[in-house]
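Participant: Structure in structure tokens, see below.
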Amino acid sequence: MKVNLKFLVIVIIVIVLAGCSASTQREMLAAAFEDKVKYQIVVIDENNEPVPGATVWVLSKNITRMNLQPTVVMERIINRNAIDSDYIFNRHSPHPALFVYYTNQNGEIDLEFGVGDVRDLKVLSSAFAVLKRGYKTKSHHEEVKINSKNKLELKLERDNSIQFDKRLLVLDEVRASISETKKSGAMSDERLLKLENGEKKLGDLAWAFEVEGQNDLASMIYYNLMYLPTVTKTKNEKGNVVIRGYTNSFDKKSINKQQYRDNAIRLNKSVPIVLYRRYYDQFDSSAGRRWRVDDSKSDLRKEFIKTTEKYYTDYPNRMWAWPYVFLWQAYKAEGEYQKAMKAITAFRTLEPSYYNEERWEDLARTASSK
């Protein structure tokens, strides 16, 4: 007798789900039937040994970016921004589609692209870049079928010409340690301990660099502390320490995170986007972004325009694209519609894939309308 395998799977799932909660049922059904792509990425050195704490950038085509060319965009990001890789994080990067991961102690990363990433795709096209102190940057592109499990091995080549303070390896070790414990859950005792130890190690290192007058290195460590996953604790009515919350990135409500941010921006002397951020924060806090409401801010906007344009002139190969989001609006608020359009053109030239075609056209209409 010939058995329909798909029908059999459905029957088994129905039986299993019968005794489960509604939320569990939804999760299991999604896991069984939703499109996805799984990756295990392994980063090794020339001796086939794992490389812990390596930074892995991932850029993929998806339904909202069907015209994205992952290889072309990734190479552009590497050429412009690899030098500043220690300042690039998820939701704080030169490109909104770029994701940042770190290898664990075994040099591994487990990724899953869910239905939102692969919907309406026949294949998933992705570009990968691996960056690690003391090694040459490695890039790779491939296309894989939807609903596939893939193992990707990326081999790094040492570059002895790269000089760096060996104490920076502590940052890589902390990244690997934290990545190692992600599978055990955000609130597991093991993860909490490693998060706390990691924050202390980096805090001590940042302070040591600051005392030595190595301000750029101190700034870089403080910047990483900003985005380090952290747990907030408090005491309950019985005086026992309990967990109040968890964040996997920068938390504006955290006093410690804000202090790390202030230190990082205050100390930096050489990274263009951080130097610009210092100025932008001052402009933003002065309510200069009230584009239409407050005409008394015209002088502030004019200064903002002048300063932003100067940064793009002085650092044409390292500035990120996001300041253009506000530059064209400042021009429009000043009634400079042609210059607003010119800013959008420069924005698109710098990073054509920052938005899709529909969004670029929408910006152009908005900038030119009086």
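If you're wondering about the labels, chains in the structure tokens are A, B, ... by order shown, residues count from 1 in each chain, ligands from 1 in order shown.
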Give me, as a compact mmCIF listing (two decimals) with N, CA and C atoms, in the first residue's frame, all polymer residues having an atom no more than 8 Å from Tyr337 in chain A, counting only C-alpha atoms and skipping those fewer than 2 positions away in the same chain.
Facilitator:
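Final output, around.txt:
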# COMPACT_ATOMS: atom_id res chain seq x y z
N TYR A 331 16.97 71.32 3.78
CA TYR A 331 16.93 72.16 2.58
C TYR A 331 15.49 72.54 2.24
N LYS A 332 14.59 71.59 2.29
CA LYS A 332 13.20 71.88 1.96
C LYS A 332 12.60 72.87 2.95
N GLY A 335 13.20 76.25 2.03
CA GLY A 335 12.67 76.64 0.73
C GLY A 335 13.63 76.37 -0.42
N LYS A 339 17.98 72.19 -4.09
CA LYS A 339 19.05 71.61 -3.28
C LYS A 339 18.56 70.39 -2.51
N ALA A 340 17.29 70.39 -2.14
CA ALA A 340 16.71 69.19 -1.49
C ALA A 340 16.76 68.02 -2.46
N MET A 341 16.40 68.28 -3.72
CA MET A 341 16.45 67.23 -4.73
C MET A 341 17.90 66.78 -4.98
N ALA A 367 10.19 66.03 -1.76
CA ALA A 367 11.21 67.08 -1.71
C ALA A 367 10.91 68.22 -2.67
N SER A 368 10.27 67.91 -3.79
CA SER A 368 10.03 68.93 -4.80
C SER A 368 8.71 69.65 -4.64
N SER A 369 7.84 69.14 -3.75
CA SER A 369 6.53 69.77 -3.56
C SER A 369 6.62 70.93 -2.58
N LYS A 370 5.99 72.03 -2.93
CA LYS A 370 6.03 73.23 -2.07
C LYS A 370 4.87 73.24 -1.09
Participant: Pick out the residues sitting within 8 Å of range 56-65 of chain A, and hand them over as an MDAnalysis selection string; count only C-alpha atoms, and ignore anything fewer than 4 positions along from it in its own chain.
Facilitator: chainID A and resid 69:70 74 97:103 117:121 124:131 353 355:356
Participant: Would you mind writing down, as a VMD selection string, each residue of range 54-249 of chain A that DSSP on the backbone assigns to strand (DSSP E)?
Facilitator: chain A and resid 55 to 60 99 to 102 108 to 113 123 to 131 138 to 145 148 to 155 230 to 235 241 to 247
Participant: For range 85-89 of chain A, list every protein, DNA or RNA residue within 12 Å, evaluated using only C-alpha atoms, and leave out those in the same chain fewer than 5 positions away; present the list as a ChimeraX atom specification.
Facilitator: /A:53-58,77-80,94-102,129-133,137,168,171-172,175,216-229,248-250,261,264-265,268,271-274,318,320
Participant: So which bits of range 75-261 of chain A end up alpha helix (DSSP H) when you DSSP the backbone, as an mmCIF file with C-alpha atoms, in the first residue's frame?
Facilitator:
data_model
loop_
_atom_site.group_PDB
_atom_site.id
_atom_site.type_symbol
_atom_site.label_atom_id
_atom_site.label_comp_id
_atom_site.auth_asym_id
_atom_site.auth_seq_id
_atom_site.Cartn_x
_atom_site.Cartn_y
_atom_site.Cartn_z
ATOM 1 C CA GLU A 75 31.549 44.877 -1.495
ATOM 2 C CA ARG A 76 30.621 48.537 -1.345
ATOM 3 C CA ILE A 77 30.025 48.327 2.407
ATOM 4 C CA ILE A 78 33.315 46.468 2.935
ATOM 5 C CA ASN A 79 35.299 49.020 0.928
ATOM 6 C CA ARG A 80 33.745 51.976 2.726
ATOM 7 C CA ASN A 81 33.094 50.722 6.228
ATOM 8 C CA VAL A 115 8.867 33.438 6.181
ATOM 9 C CA GLY A 116 9.192 37.227 6.310
ATOM 10 C CA ASP A 117 12.675 36.941 4.795
ATOM 11 C CA VAL A 118 11.976 34.396 2.069
ATOM 12 C CA LEU A 169 41.133 40.480 21.684
ATOM 13 C CA VAL A 170 39.211 40.734 24.969
ATOM 14 C CA LEU A 171 36.360 42.307 22.987
ATOM 15 C CA ASP A 172 36.351 39.369 20.577
ATOM 16 C CA GLU A 173 36.390 36.938 23.505
ATOM 17 C CA VAL A 174 33.384 38.638 25.095
ATOM 18 C CA ARG A 175 31.496 38.549 21.805
ATOM 19 C CA ALA A 176 32.201 34.818 21.448
ATOM 20 C CA SER A 177 31.227 34.114 25.040
ATOM 21 C CA ILE A 178 27.894 35.875 24.706
ATOM 22 C CA SER A 179 27.125 34.223 21.362
ATOM 23 C CA GLU A 180 27.983 30.856 22.920
ATOM 24 C CA ASP A 189 21.927 31.707 34.821
ATOM 25 C CA GLU A 190 24.815 30.894 32.489
ATOM 26 C CA ARG A 191 23.978 33.745 30.134
ATOM 27 C CA LEU A 192 23.435 36.233 32.954
ATOM 28 C CA LEU A 193 26.826 35.420 34.434
ATOM 29 C CA LYS A 194 28.608 35.756 31.094
ATOM 30 C CA LEU A 195 26.843 39.026 30.323
ATOM 31 C CA GLU A 196 27.876 40.466 33.682
ATOM 32 C CA ASN A 197 31.460 39.237 33.366
ATOM 33 C CA GLY A 198 31.657 40.518 29.814
ATOM 34 C CA GLU A 199 30.412 43.961 30.764
ATOM 35 C CA LYS A 200 32.932 44.162 33.607
ATOM 36 C CA LYS A 201 35.836 43.087 31.387
ATOM 37 C CA LEU A 202 34.968 45.641 28.735
ATOM 38 C CA GLY A 203 34.335 48.353 31.310
ATOM 39 C CA ASP A 204 37.771 47.771 32.838
ATOM 40 C CA LEU A 205 39.386 47.767 29.396
ATOM 41 C CA ALA A 206 37.679 50.995 28.331
ATOM 42 C CA TRP A 207 38.780 52.714 31.524
ATOM 43 C CA ALA A 208 42.370 51.482 31.071
ATOM 44 C CA PHE A 209 42.493 52.916 27.547
ATOM 45 C CA GLU A 210 40.983 56.178 28.759
ATOM 46 C CA VAL A 211 43.539 56.535 31.578
ATOM 47 C CA ASN A 215 40.793 57.874 23.478
ATOM 48 C CA ASP A 216 39.822 56.227 20.202
ATOM 49 C CA LEU A 217 40.281 52.733 21.642
ATOM 50 C CA ALA A 218 38.360 53.726 24.773
ATOM 51 C CA SER A 219 35.589 55.156 22.588
ATOM 52 C CA MET A 220 35.362 51.958 20.591
ATOM 53 C CA ILE A 221 34.998 49.790 23.699
ATOM 54 C CA TYR A 222 32.388 52.131 25.182
ATOM 55 C CA TYR A 223 30.512 51.970 21.880
ATOM 56 C CA ASN A 224 30.425 48.179 22.133
ATOM 57 C CA LEU A 225 29.256 48.398 25.725
ATOM 58 C CA MET A 226 26.353 50.499 24.430
ATOM 59 C CA TYR A 227 25.148 47.600 22.290
ATOM 60 C CA ILE A 255 21.543 55.050 32.760
ATOM 61 C CA ASN A 256 24.603 52.847 32.213
ATOM 62 C CA LYS A 257 23.953 52.585 28.472
ATOM 63 C CA GLN A 258 23.545 56.342 28.186
ATOM 64 C CA GLN A 259 26.818 56.839 30.031
ATOM 65 C CA TYR A 260 28.601 54.427 27.699
ATOM 66 C CA ARG A 261 27.161 56.339 24.759
#
Participant: I'd like the interatomic distance between CA of Leu156 in chain A and CA of Val43 in chain A, to a tenth of an Å.
Facilitator: 7.2 Å
Participant: So how far away is CA of Leu152 in chain A from CA of Arg91 in chain A, in Å?
Facilitator: 24.7 Å
Participant: Just how far from CA of Thr247 in chain A is CA of Asn263 in chain A, in Å to one decimal?
Facilitator: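 Separating CA of Asn263 in chain A from CA of Thr247 in chain A is a distance of 19.9 Å.
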